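Quick look at target26.txt (compact mmCIF, C-alpha atoms):
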```
# COMPACT_ATOMS: atom_id res chain seq x y z
CA MET L 28 -8.47 -0.92 9.12
CA LEU L 29 -10.68 1.59 10.90
CA ASP L 30 -11.24 1.32 14.64
CA LEU L 31 -14.67 -0.19 15.34
CA ALA L 32 -15.28 2.19 18.25
CA PHE L 33 -14.47 5.13 15.95
CA ILE L 34 -16.98 3.87 13.39
CA ARG L 35 -19.70 3.62 16.04
CA GLU L 36 -19.02 7.16 17.26
CA ASN L 37 -18.74 8.69 13.76
CA LYS L 38 -21.40 6.85 11.77
CA ASP L 39 -22.46 9.83 9.68
CA LYS L 40 -18.88 10.81 8.82
CA VAL L 41 -18.01 7.27 7.76
CA ARG L 42 -21.26 6.83 5.83
CA GLU L 43 -20.67 10.06 3.90
CA ALA L 44 -17.08 9.08 2.99
CA LEU L 45 -18.16 5.63 1.85
CA LYS L 46 -20.64 7.09 -0.65
CA ILE L 47 -17.58 7.88 -2.77
CA ARG L 48 -14.92 5.50 -1.42
CA ALA L 49 -17.06 2.32 -1.35
CA PRO L 50 -20.54 3.05 -2.76
CA LYS L 51 -21.51 -0.64 -3.00
CA LEU L 52 -20.68 -1.44 0.62
CA ASP L 53 -23.79 -2.04 2.79
CA PHE L 54 -22.72 0.19 5.67
CA ASP L 55 -26.09 0.17 7.44
CA GLY L 56 -26.11 -3.62 7.22
CA PHE L 57 -22.69 -3.60 8.87
CA LEU L 58 -23.96 -1.33 11.66
CA ASN L 59 -26.92 -3.65 12.25
CA LEU L 60 -24.51 -6.59 12.42
CA ASP L 61 -22.48 -4.72 15.03
CA VAL L 62 -25.64 -4.10 17.08
CA SER L 63 -26.40 -7.82 16.91
CA ARG L 64 -22.86 -8.56 18.00
CA ARG L 65 -23.11 -6.33 21.06
CA ALA L 66 -26.51 -7.79 21.98
CA ALA L 67 -25.08 -11.31 21.68
CA MET L 68 -22.12 -10.30 23.83
CA GLN L 69 -24.42 -8.94 26.55
CA ALA L 70 -26.44 -12.16 26.49
CA LEU L 71 -23.25 -14.22 26.70
CA ASP L 72 -21.96 -12.14 29.62
CA ALA L 73 -25.28 -12.66 31.42
CA LEU L 74 -25.04 -16.44 30.95
CA ARG L 75 -21.47 -16.45 32.24
CA ALA L 76 -22.56 -14.46 35.29
CA GLN L 77 -25.29 -17.03 35.95
CA LYS L 78 -22.73 -19.81 35.67
CA ASN L 79 -20.48 -18.10 38.22
CA GLN L 80 -23.44 -17.76 40.61
CA ALA L 81 -24.34 -21.43 40.10
CA ASN L 82 -20.74 -22.38 40.87
CA ASP L 83 -20.92 -20.41 44.11
CA ARG L 84 -24.21 -22.14 45.08
CA ILE L 85 -22.73 -25.58 44.40
CA SER L 86 -19.70 -24.75 46.55
CA SER L 87 -21.96 -23.62 49.40
CA LEU L 88 -24.13 -26.76 49.16
CA LEU L 89 -21.06 -28.98 49.19
CA LYS L 90 -19.79 -27.28 52.33
CA GLU L 91 -23.20 -27.82 53.92
CA LYS L 92 -23.14 -31.44 52.67
CA LYS L 93 -26.41 -30.92 50.80
CA SER L 94 -27.49 -32.32 47.44
CA THR L 95 -26.18 -30.49 44.37
CA LYS L 96 -28.01 -32.57 41.77
CA GLN L 97 -30.44 -29.83 40.73
CA GLU L 98 -27.70 -27.18 40.50
CA ILE L 99 -25.44 -29.47 38.48
CA GLU L 100 -28.23 -30.15 35.98
CA PHE L 101 -28.83 -26.40 35.77
CA MET L 102 -25.06 -25.91 35.27
CA LYS L 103 -25.05 -28.37 32.36
CA SER L 104 -27.91 -26.50 30.75
CA LEU L 105 -26.07 -23.18 31.20
CA SER L 106 -22.85 -24.62 29.77
CA GLN L 107 -24.66 -25.72 26.62
CA LYS L 108 -26.29 -22.29 26.24
CA ILE L 109 -22.89 -20.63 26.70
CA ALA L 110 -21.32 -22.90 24.09
CA ASP L 111 -24.12 -22.07 21.64
CA SER L 112 -23.76 -18.34 22.35
CA GLU L 113 -19.99 -18.47 21.92
CA SER L 114 -20.46 -20.19 18.57
CA THR L 115 -22.91 -17.47 17.51
CA MET L 116 -20.46 -14.80 18.69
CA ASP L 117 -17.62 -16.38 16.71
CA GLU L 118 -19.75 -16.37 13.54
CA ILE L 119 -20.72 -12.72 14.02
CA ASP L 120 -17.12 -11.72 14.85
CA ILE L 121 -15.89 -13.32 11.62
CA LYS L 122 -18.50 -11.44 9.59
CA VAL L 123 -17.70 -8.13 11.32
CA LYS L 124 -13.96 -8.59 10.73
CA GLU L 125 -14.51 -9.54 7.08
CA ILE L 126 -16.38 -6.28 6.50
CA LEU L 127 -13.90 -4.22 8.52
CA TYR L 128 -11.15 -5.50 6.24
CA ILE L 129 -12.90 -4.15 3.12
CA ILE L 130 -13.87 -0.72 4.51
CA PRO L 131 -11.40 1.80 3.01
CA ASN L 132 -9.56 4.44 4.97
CA LEU L 133 -11.21 7.83 5.47
CA PRO L 134 -9.82 10.87 3.62
CA HIS L 135 -7.88 13.47 5.57
CA LYS L 136 -9.64 16.82 5.95
CA SER L 137 -7.29 18.40 3.38
CA VAL L 138 -8.44 15.97 0.68
CA GLU L 139 -11.12 17.23 -1.69
CA SER L 140 -14.24 15.16 -2.18
CA GLY L 141 -14.43 13.83 -5.72
CA VAL L 142 -15.42 10.78 -7.71
CA ASP L 143 -12.47 10.26 -10.06
CA SER L 144 -9.22 11.69 -11.45
CA SER L 145 -11.04 14.65 -13.01
CA ASN L 146 -11.32 16.07 -9.49
CA ASN L 147 -7.59 15.84 -8.72
CA GLU L 148 -5.67 19.08 -8.16
CA VAL L 149 -2.30 19.93 -9.69
CA VAL L 150 -0.34 21.45 -6.79
CA LEU L 151 3.12 21.72 -8.38
CA ASN L 152 4.78 21.88 -11.79
CA TRP L 153 8.55 21.42 -12.06
CA GLY L 154 10.64 21.95 -15.17
CA MET L 155 9.65 22.99 -18.66
CA PRO L 156 8.86 20.24 -21.16
CA LYS L 157 11.49 20.43 -23.90
CA LYS L 158 10.33 21.61 -27.30
CA HIS L 159 11.84 19.21 -29.81
CA GLU L 160 12.63 20.51 -33.30
CA PHE L 161 11.46 17.14 -34.62
CA LYS L 162 8.53 14.87 -33.87
CA PRO L 163 9.60 12.94 -30.76
CA LYS L 164 9.38 9.17 -31.01
CA GLU L 165 7.70 6.92 -28.47
CA HIS L 166 9.91 4.81 -26.20
CA THR L 167 8.82 1.60 -27.93
CA GLU L 168 10.27 2.77 -31.24
CA LEU L 169 13.40 4.20 -29.63
CA GLY L 170 14.02 1.07 -27.59
CA GLN L 171 13.70 -1.17 -30.62
CA GLU L 172 15.87 0.98 -32.89
CA LEU L 173 18.60 1.29 -30.24
CA GLY L 174 18.48 -2.42 -29.47
CA ILE L 175 17.93 -1.88 -25.74
CA ILE L 176 14.33 -3.12 -25.33
CA ASP L 177 13.28 -6.42 -26.91
CA ALA L 178 9.48 -6.68 -26.75
CA LEU L 179 9.26 -9.67 -29.09
CA ARG L 180 11.56 -11.89 -27.04
CA ALA L 181 9.90 -10.76 -23.82
CA SER L 182 6.59 -11.91 -25.27
CA LYS L 183 8.14 -15.19 -26.42
CA ILE L 184 9.53 -15.90 -22.95
CA SER L 185 6.58 -14.81 -20.81
CA GLY L 186 3.69 -13.53 -22.91
CA SER L 187 2.29 -10.03 -23.26
CA GLY L 188 2.83 -7.43 -20.58
CA PHE L 189 6.50 -8.13 -19.79
CA ALA L 190 9.73 -6.24 -20.50
CA LEU L 191 13.16 -7.39 -21.61
CA TYR L 192 16.09 -4.95 -21.49
CA THR L 193 19.27 -5.85 -23.34
CA GLY L 194 22.82 -4.49 -23.39
CA THR L 195 22.84 -0.78 -22.63
CA GLY L 196 19.14 -0.93 -21.74
CA ALA L 197 19.87 -3.42 -18.94
CA ARG L 198 22.78 -1.28 -17.80
CA LEU L 199 20.60 1.84 -17.74
CA GLN L 200 18.02 -0.01 -15.64
CA ARG L 201 20.72 -1.08 -13.16
CA ALA L 202 22.16 2.44 -13.12
CA LEU L 203 18.76 3.90 -12.20
CA ILE L 204 18.32 1.42 -9.34
CA ASN L 205 21.79 2.10 -7.94
CA PHE L 206 21.40 5.86 -8.31
CA MET L 207 18.03 5.89 -6.52
CA LEU L 208 19.18 3.67 -3.65
CA GLU L 209 22.35 5.66 -3.15
CA ARG L 210 20.42 8.92 -3.19
CA HIS L 211 17.93 7.77 -0.58
CA THR L 212 20.47 6.11 1.72
CA GLN L 213 23.42 8.50 1.47
CA HIS L 214 21.57 11.80 1.11
CA ARG L 215 18.13 11.24 2.66
CA GLY L 216 18.89 9.00 5.64
CA TYR L 217 16.96 5.86 4.67
CA THR L 218 18.08 2.39 5.72
CA GLU L 219 18.27 -0.02 2.80
CA ILE L 220 16.31 -3.29 3.00
CA TRP L 221 16.56 -6.27 0.64
CA PRO L 222 13.32 -8.12 1.41
CA PRO L 223 11.77 -11.35 0.09
CA SER L 224 9.64 -11.11 -3.03
CA LEU L 225 7.21 -13.74 -1.72
CA VAL L 226 5.08 -12.95 1.33
CA ASN L 227 2.39 -14.72 3.33
CA ARG L 228 -1.28 -13.84 3.56
CA ALA L 229 -0.88 -12.02 6.89
CA SER L 230 1.59 -9.61 5.27
CA MET L 231 -0.79 -8.86 2.40
CA ILE L 232 -3.66 -8.29 4.82
CA GLY L 233 -1.48 -6.02 6.94
CA THR L 234 -0.89 -3.48 4.17
CA GLY L 235 -4.41 -3.71 2.72
CA GLN L 236 -3.88 -5.68 -0.51
CA LEU L 237 -6.02 -8.51 0.86
CA PRO L 238 -8.78 -9.42 0.92
CA LYS L 239 -10.08 -6.69 -1.39
CA PHE L 240 -7.54 -6.98 -4.24
CA GLU L 241 -6.78 -10.70 -4.25
CA GLU L 242 -7.73 -11.10 -7.93
CA ASP L 243 -4.99 -8.64 -8.88
CA MET L 244 -2.24 -10.62 -7.13
CA TYR L 245 -0.05 -13.48 -8.31
CA ARG L 246 -0.50 -16.32 -5.83
CA LEU L 247 1.33 -19.61 -5.23
CA LYS L 248 -1.62 -21.68 -4.04
CA GLU L 249 0.43 -24.69 -2.95
CA ASP L 250 2.45 -22.59 -0.50
CA GLU L 251 -0.15 -19.87 0.25
CA LEU L 252 2.37 -17.21 -0.73
CA PHE L 253 1.97 -14.11 -2.90
CA LEU L 254 4.40 -12.36 -5.23
CA ILE L 255 4.70 -8.82 -3.92
CA PRO L 256 2.93 -6.02 -5.84
CA THR L 257 5.30 -3.52 -4.21
CA ALA L 258 8.11 -3.48 -1.61
CA GLU L 259 5.66 -1.63 0.64
CA VAL L 260 4.29 -5.05 1.65
CA PRO L 261 7.41 -6.77 3.04
CA VAL L 262 8.98 -3.56 4.36
CA THR L 263 5.88 -2.42 6.26
CA ASN L 264 5.54 -5.92 7.70
CA LEU L 265 9.07 -5.75 9.11
CA HIS L 266 7.45 -4.51 12.32
CA ARG L 267 4.18 -6.44 12.30
CA ASP L 268 3.15 -7.40 15.85
CA GLU L 269 5.95 -5.28 17.32
CA ILE L 270 6.07 -2.41 19.81
CA LEU L 271 8.59 0.21 18.68
CA LYS L 272 10.43 2.72 20.86
CA GLU L 273 9.26 6.31 20.60
CA GLU L 274 12.87 7.54 20.47
CA ASP L 275 13.52 5.42 17.36
CA LEU L 276 10.79 7.14 15.34
CA PRO L 277 10.62 8.03 12.55
CA LEU L 278 12.00 4.86 10.97
CA LYS L 279 12.86 5.31 7.29
CA TYR L 280 13.45 2.39 4.94
CA THR L 281 14.15 2.08 1.23
CA ALA L 282 14.11 -1.11 -0.83
CA TYR L 283 14.55 -2.18 -4.42
CA THR L 284 12.38 -5.11 -5.52
CA PRO L 285 10.73 -6.52 -8.59
CA CYS L 286 6.96 -6.02 -8.39
CA PHE L 287 4.25 -8.27 -9.77
CA ARG L 288 0.69 -7.32 -10.70
CA ARG L 289 -1.86 -9.25 -12.71
CA GLU L 290 -3.61 -5.98 -13.59
CA ALA L 291 -6.94 -7.83 -13.58
CA GLY L 292 -9.61 -5.67 -15.15
CA SER L 293 -7.05 -3.48 -16.95
CA TYR L 294 -6.73 -5.45 -20.17
CA GLY L 295 -6.55 -3.15 -23.17
CA LYS L 296 -5.66 -0.13 -21.01
CA ASP L 297 -2.16 1.38 -21.34
CA THR L 298 -0.78 -1.91 -22.64
CA LYS L 299 1.65 -0.42 -25.15
CA GLY L 300 5.34 -0.68 -24.30
CA LEU L 301 6.39 -0.14 -20.68
CA VAL L 302 3.42 1.90 -19.48
CA ARG L 303 1.62 -0.99 -17.75
CA ILE L 304 3.38 -4.34 -17.35
CA HIS L 305 2.98 -7.39 -15.10
CA GLN L 306 6.54 -7.39 -13.72
CA PHE L 307 8.47 -4.20 -13.12
CA ASP L 308 11.22 -2.83 -10.89
CA LYS L 309 10.72 -0.19 -8.26
CA VAL L 310 12.59 1.53 -5.45
CA GLU L 311 10.24 2.07 -2.52
CA LEU L 312 10.28 4.42 0.47
CA VAL L 313 8.52 3.47 3.73
CA LYS L 314 8.21 5.42 6.98
CA PHE L 315 6.93 4.64 10.49
CA CYS L 316 6.27 7.72 12.62
CA LYS L 317 4.29 9.21 15.49
CA PRO L 318 0.73 10.32 14.63
CA GLU L 319 1.39 13.98 15.45
CA ASN L 320 4.30 14.09 12.97
CA SER L 321 2.90 12.05 10.12
CA TYR L 322 1.73 14.88 7.86
CA ASP L 323 5.06 16.71 8.17
CA GLU L 324 6.77 13.42 7.33
CA HIS L 325 4.39 13.00 4.40
CA GLU L 326 5.54 16.29 2.87
CA LYS L 327 9.19 15.29 3.41
CA LEU L 328 8.54 11.94 1.76
CA LEU L 329 7.09 13.73 -1.25
CA LYS L 330 10.23 15.87 -1.52
CA ASP L 331 12.45 12.78 -1.29
CA ALA L 332 10.63 11.19 -4.24
CA GLU L 333 10.63 14.46 -6.22
CA SER L 334 14.38 14.86 -5.78
CA ILE L 335 15.04 11.90 -8.08
CA LEU L 336 13.23 13.50 -11.02
CA GLN L 337 14.88 16.84 -10.32
CA LEU L 338 18.34 15.29 -10.46
CA LEU L 339 17.41 13.43 -13.64
CA GLU L 340 16.12 16.76 -15.03
CA ILE L 341 12.80 15.28 -16.07
CA PRO L 342 9.80 17.66 -16.06
CA TYR L 343 7.05 16.54 -13.71
CA ARG L 344 3.95 17.63 -11.86
CA VAL L 345 2.43 16.74 -8.49
CA LEU L 346 -1.27 16.02 -8.05
CA LEU L 347 -3.23 15.92 -4.81
CA LEU L 348 -5.70 13.10 -5.33
CA CYS L 349 -9.37 13.53 -4.51
CA SER L 350 -11.17 11.11 -2.20
CA GLY L 351 -12.47 8.91 -5.03
CA ASP L 352 -9.12 8.45 -6.76
CA MET L 353 -6.99 7.50 -3.74
CA GLY L 354 -5.86 3.98 -2.99
CA PHE L 355 -7.85 1.81 -0.60
CA SER L 356 -5.56 2.31 2.42
CA ALA L 357 -4.61 5.98 1.96
CA ALA L 358 -5.87 8.93 3.98
CA LYS L 359 -4.02 11.38 1.73
CA CYS L 360 -2.08 10.77 -1.47
CA TYR L 361 0.03 12.74 -3.91
CA ASP L 362 0.80 11.40 -7.39
CA ILE L 363 4.01 12.45 -9.14
CA GLU L 364 3.71 12.38 -12.92
CA ALA L 365 6.64 12.64 -15.34
CA TRP L 366 6.27 14.16 -18.81
CA ALA L 367 6.60 11.76 -21.76
CA PRO L 368 6.79 13.82 -25.00
CA GLY L 369 6.68 10.82 -27.34
CA LEU L 370 3.41 9.65 -25.85
CA GLY L 371 2.35 13.27 -25.34
CA ARG L 372 1.11 12.68 -21.80
CA TRP L 373 1.95 12.64 -18.11
CA LEU L 374 2.82 9.28 -16.55
CA GLU L 375 2.53 8.44 -12.85
CA VAL L 376 5.94 7.45 -11.47
CA SER L 377 5.09 7.61 -7.76
CA SER L 378 2.17 7.66 -5.37
CA VAL L 379 3.13 9.14 -2.00
CA SER L 380 0.62 8.13 0.66
CA ASN L 381 -0.11 8.67 4.34
CA PHE L 382 -2.09 5.73 5.71
CA GLU L 383 -2.31 7.14 9.26
CA ALA L 384 -3.02 4.14 11.59
CA PHE L 385 -4.95 2.17 8.95
CA GLN L 386 -2.17 -0.30 8.12
CA ALA L 387 -0.71 -0.29 11.62
CA ARG L 388 -4.03 -1.39 13.09
CA ARG L 389 -4.27 -4.26 10.59
CA ALA L 390 -0.65 -5.30 11.17
CA ASN L 391 -0.60 -4.48 14.91
CA ILE L 392 2.38 -2.09 14.76
CA ARG L 393 2.58 0.08 17.85
CA TYR L 394 5.04 2.26 19.73
CA ARG L 395 5.41 3.01 23.44
CA ARG L 396 5.19 6.59 24.69
CA LYS L 397 8.17 7.47 26.88
CA ASP L 398 6.21 9.76 29.22
CA SER L 399 3.15 7.59 29.89
CA GLY L 400 4.36 4.11 28.97
CA LYS L 401 1.16 3.64 26.94
CA THR L 402 1.20 2.07 23.50
CA GLU L 403 -0.36 3.59 20.39
CA PHE L 404 -0.52 2.63 16.74
CA VAL L 405 2.16 4.24 14.59
CA HIS L 406 1.35 6.01 11.34
CA THR L 407 2.76 4.41 8.19
CA LEU L 408 3.66 6.18 4.96
CA ASN L 409 5.10 5.06 1.67
CA GLY L 410 5.95 6.27 -1.80
CA SER L 411 7.75 5.05 -4.87
CA GLY L 412 11.17 6.48 -5.16
CA LEU L 413 10.66 5.75 -8.10
CA ALA L 414 8.94 3.17 -10.34
CA LEU L 415 11.44 2.21 -13.06
CA PRO L 416 9.45 1.53 -16.27
CA ARG L 417 7.92 4.96 -16.58
CA VAL L 418 11.14 6.67 -15.55
CA MET L 419 12.79 4.71 -18.37
CA ILE L 420 10.06 5.98 -20.73
CA ALA L 421 10.62 9.56 -19.57
CA ILE L 422 14.39 9.33 -20.05
CA LEU L 423 14.18 7.85 -23.55
CA GLU L 424 11.50 10.27 -24.74
CA ASN L 425 12.83 13.46 -23.10
CA PHE L 426 16.51 12.95 -23.90
CA GLN L 427 16.17 11.70 -27.50
CA ASN L 428 17.98 13.39 -30.36
CA ALA L 429 16.93 13.88 -33.98
CA ASP L 430 19.24 11.04 -35.11
CA GLY L 431 17.49 8.55 -32.78
CA SER L 432 20.24 8.53 -30.14
CA VAL L 433 19.45 9.27 -26.48
CA LEU L 434 21.51 11.38 -24.11
CA VAL L 435 22.30 9.79 -20.74
CA PRO L 436 21.16 12.14 -17.94
CA GLU L 437 24.27 13.68 -16.40
CA VAL L 438 23.58 12.31 -12.91
CA LEU L 439 23.51 8.73 -14.29
CA ARG L 440 26.78 8.90 -16.22
CA PRO L 441 28.99 7.77 -13.29
CA TYR L 442 26.76 4.67 -13.03
CA MET L 443 27.08 4.06 -16.79
CA GLY L 444 30.88 4.01 -16.92
CA GLY L 445 30.98 7.60 -18.21
CA MET L 446 28.67 6.90 -21.16
CA THR L 447 27.05 10.12 -22.39
CA VAL L 448 24.98 8.94 -25.37
CA ILE L 449 23.12 5.74 -26.20
CA ARG L 450 23.44 5.03 -29.93
CA LYS L 451 22.42 2.27 -32.30
```

How does this structure look as structure tokens?
Amino acid sequence: MLDLAFIRENKDKVREALKIRAPKLDFDGFLNLDVSRRAAMQALDALRAQKNQANDRISSLLKEKKSTKQEIEFMKSLSQKIADSESTMDEIDIKVKEILYIIPNLPHKSVESGVDSSNNEVVLNWGMPKKHEFKPKEHTELGQELGIIDALRASKISGSGFALYTGTGARLQRALINFMLERHTQHRGYTEIWPPSLVNRASMIGTGQLPKFEEDMYRLKEDELFLIPTAEVPVTNLHRDEILKEEDLPLKYTAYTPCFRREAGSYGKDTKGLVRIHQFDKVELVKFCKPENSYDEHEKLLKDAESILQLLEIPYRVLLLCSGDMGFSAAKCYDIEAWAPGLGRWLEVSSVSNFEAFQARRANIRYRRKDSGKTEFVHTLNGSGLALPRVMIAILENFQNADGSVLVPEVLRPYMGGMTVIRK
């Protein structure tokens, strides 16, 4: 959430950003509402001042043993006006807050202005895509032939858009999770968290999923709980309504969770195989840091996520997203895309974002400066480290052999009981 005072002082800057980030939002209407709010507040303050003066006059009259009937009647009239004004203020405050919650974050100065993904910039390429001496198969065909992915039974159990790994496929999935968690905790200094997969509305509001993206979430209406779309939600909310110590920053957490997304509005798009599914596994990275360090920490976070693909020896590229292609809460975002030769395309396996104080302001996460004792909002960052389905795609398609078998990446073999090849 943006600071209301900042919006007032930077109207033109915010208006310009919203032309791309939220073109349908009535920003001038919001500004007019804020003017009405401040006018109503001034009127309410004036009425309260009159009430205080009337109280003083009544006290003086009582001391002088004079009649207070007229002043008391006037006081009743003032009290009713104050009650009416407070009701009006409450209504305006609710409207202002509702709009504040759907105003996206502003892009960092290093982010290029652009409408969609065509304006993204490739900032890094790592590894050379392997040139197969045969036509590489897609992961759906490989998974079926090897007996490690059962799309038909997944559909029977849950419907379209779900995955079912069997035998070695399930073991490979577990190996990836263990490898990623061990890498981030033992080599990168993250603390592992095992959070709930159901969270309350306040948690979803805190990280920016609600209210804007409610239609894309799975919700348990009876309990007013939501299945998490990413571990970012519960892990970021670890410190909601807390004041952290400056000396403890940065805090670095990693968590494995299942993730759930309805993908409303995406029907028919990337629905083949594992590319876009309703339930998937992901290892997440979350940081809390001081504002002055957040962009250095952002670059480190990117390297932490990249290290997984490097160890797996999967070719990838890094994109700096333009303003129109970033997520709602992000001020700056890199996408990491792995190469999938069977599909013949790049697949996003991680978005690495700096939210600055946007989430912290919504979730009220602050830290106390040691020198001044003052509190400030922390900056929050997160990135996938990594998302499992598309990593699985990249492994199957990059490491396939002409006979339909798939090599196990060397770094995963200790987690696979020494297995080197997945065969029929």

Write out as a count of residues only each polymer residue whose atoms come within 12 Å of Lys46 of chain L, counting all atoms listed in the file; drop sequence neighbours fewer than 3 positions from it.
-> 20

In terms of all atoms listed in the file, the residue from L:Leu265, L:Leu237, L:Leu199, L:Ile341 at minimal distance from Thr447 of chain L is L:Leu199

Do you have, as CSV, the list of residues of segment 181-203 of chain L lying at most 12 Å from segment 432-440 of chain L, each with its nearest atom pair and that distance in Å to one decimal, counting only C-alpha atoms and ordered by chain then number?
```
residue,atom,partner,partner_atom,distance
L:Thr195,CA,L:Val435,CA,10.8
L:Gly196,CA,L:Val435,CA,11.2
L:Arg198,CA,L:Leu439,CA,10.6
L:Leu199,CA,L:Leu439,CA,8.2
L:Gln200,CA,L:Leu439,CA,10.4
L:Arg201,CA,L:Leu439,CA,10.3
L:Ala202,CA,L:Leu439,CA,6.5
L:Leu203,CA,L:Leu439,CA,7.1
```

Using only C-alpha atoms: which of L:Leu328, L:Ile449, L:Ile85, L:Ile204 has the shortest distance to Ile99 of chain L = L:Ile85

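Note that atom CA of Leu312 of chain L and atom CA of Thr281 of chain L are 4.6 Å apart.
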
Interatomic distance, atom CA of Glu311 of chain L to atom CA of Ala282 of chain L (Å, one decimal) = 5.3 Å

Do a neighbour search on Phe355 of chain L at 12 Å with all atoms listed in the file, toss out local chain neighbours closer than 6 positions, and write the hits as a list in words.
-> Met28, Leu29, Leu45, Ile47, Arg48, Ala49, Tyr128, Ile129, Ile130, Pro131, Asn132, Leu133, Pro134, Thr234, Gly235, Gln236, Leu237, Pro238, Lys239, Phe240, Ser380, Asn381, Phe382, Phe385 and Gln386 of chain L

Pull C-alpha atoms from the residues just selected and write them as a compact mmCIF listing (two decimals), in the frame of the given file.
```txt
# COMPACT_ATOMS: atom_id res chain seq x y z
CA MET L 28 -8.47 -0.92 9.12
CA LEU L 29 -10.68 1.59 10.90
CA LEU L 45 -18.16 5.63 1.85
CA ILE L 47 -17.58 7.88 -2.77
CA ARG L 48 -14.92 5.50 -1.42
CA ALA L 49 -17.06 2.32 -1.35
CA TYR L 128 -11.15 -5.50 6.24
CA ILE L 129 -12.90 -4.15 3.12
CA ILE L 130 -13.87 -0.72 4.51
CA PRO L 131 -11.40 1.80 3.01
CA ASN L 132 -9.56 4.44 4.97
CA LEU L 133 -11.21 7.83 5.47
CA PRO L 134 -9.82 10.87 3.62
CA THR L 234 -0.89 -3.48 4.17
CA GLY L 235 -4.41 -3.71 2.72
CA GLN L 236 -3.88 -5.68 -0.51
CA LEU L 237 -6.02 -8.51 0.86
CA PRO L 238 -8.78 -9.42 0.92
CA LYS L 239 -10.08 -6.69 -1.39
CA PHE L 240 -7.54 -6.98 -4.24
CA SER L 380 0.62 8.13 0.66
CA ASN L 381 -0.11 8.67 4.34
CA PHE L 382 -2.09 5.73 5.71
CA PHE L 385 -4.95 2.17 8.95
CA GLN L 386 -2.17 -0.30 8.12
```

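Across the structure, atom CA of Glu100 of chain L and atom CA of Ala66 of chain L are spaced 26.4 Å apart.
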
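Distance check against Ile121 of chain L using all atoms listed in the file: of L:Leu60, L:Arg389, L:Glu424, L:Met419, the minimum falls on L:Leu60.
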
Could you name the residues that touch segment 302-308 of chain L at 8 Å or less, counting only C-alpha atoms, but leaving out those on the same chain fewer than 3 positions away, as a PyMOL selection string?
-> chain L and resi 188-190+283-290+297-299+374+414-417+420

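Distances here use only C-alpha atoms; by that measure, the residue among L:Ile184, L:Tyr322, L:Asp398, L:Lys158 closest to Lys136 of chain L is L:Tyr322.
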
As a CSV table (one decimal) with C-alpha atoms, in the coordinates of the input, please: the residues near Leu31 of chain L (cut-off 10 Å, all atoms listed in the file, same-chain neighbours under 4 positions excluded).
```csv
chain,number,residue,atom,x,y,z
L,35,ARG,CA,-19.7,3.6,16.0
L,36,GLU,CA,-19.0,7.2,17.3
L,37,ASN,CA,-18.7,8.7,13.8
L,61,ASP,CA,-22.5,-4.7,15.0
L,123,VAL,CA,-17.7,-8.1,11.3
L,124,LYS,CA,-14.0,-8.6,10.7
L,127,LEU,CA,-13.9,-4.2,8.5
```

Pull the neighbourhood of (3.5, -5.4, 10.0) for me: all residues within 6 Å in file coordinates, counting only C-alpha atoms, as a PyMOL selection string.
-> chain L and resi 233+263-267+390+392

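Of the listed residues L:Asp331, L:Glu403, L:Glu219, L:Asp143, the one whose atoms come nearest to Glu273 of chain L is L:Glu403, with distances taken using all atoms listed in the file.
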
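Ranking L:Thr407, L:Leu247, L:Ala358, L:Val262 by their shortest atom-to-atom distance to Pro277 of chain L, with only C-alpha atoms included, puts L:Thr407 first.
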
If you count all atoms listed in the file, which residues fall within 10 Å of segment 112-119 of chain L, apart from same-chain ones fewer than 3 positions away, as a list in words?
-> Leu60, Asp61, Ser63, Arg64, Arg65, Ala66, Ala67, Met68, Ala70, Leu71, Asp72, Leu74, Ser106, Gln107, Lys108, Ile109, Lys122, Val123, Lys124 and Glu125 of chain L

Put the listed atoms of segment 312-317 of chain L in a box along x, y and z with 6 Å added on every side and give me the centre and edge lengths in Å to one decimal, as AutoDock Vina command-line options.
```
--center_x 7.3 --center_y 6.3 --center_z 8.0 --size_x 18.0 --size_y 17.7 --size_z 27.0
```
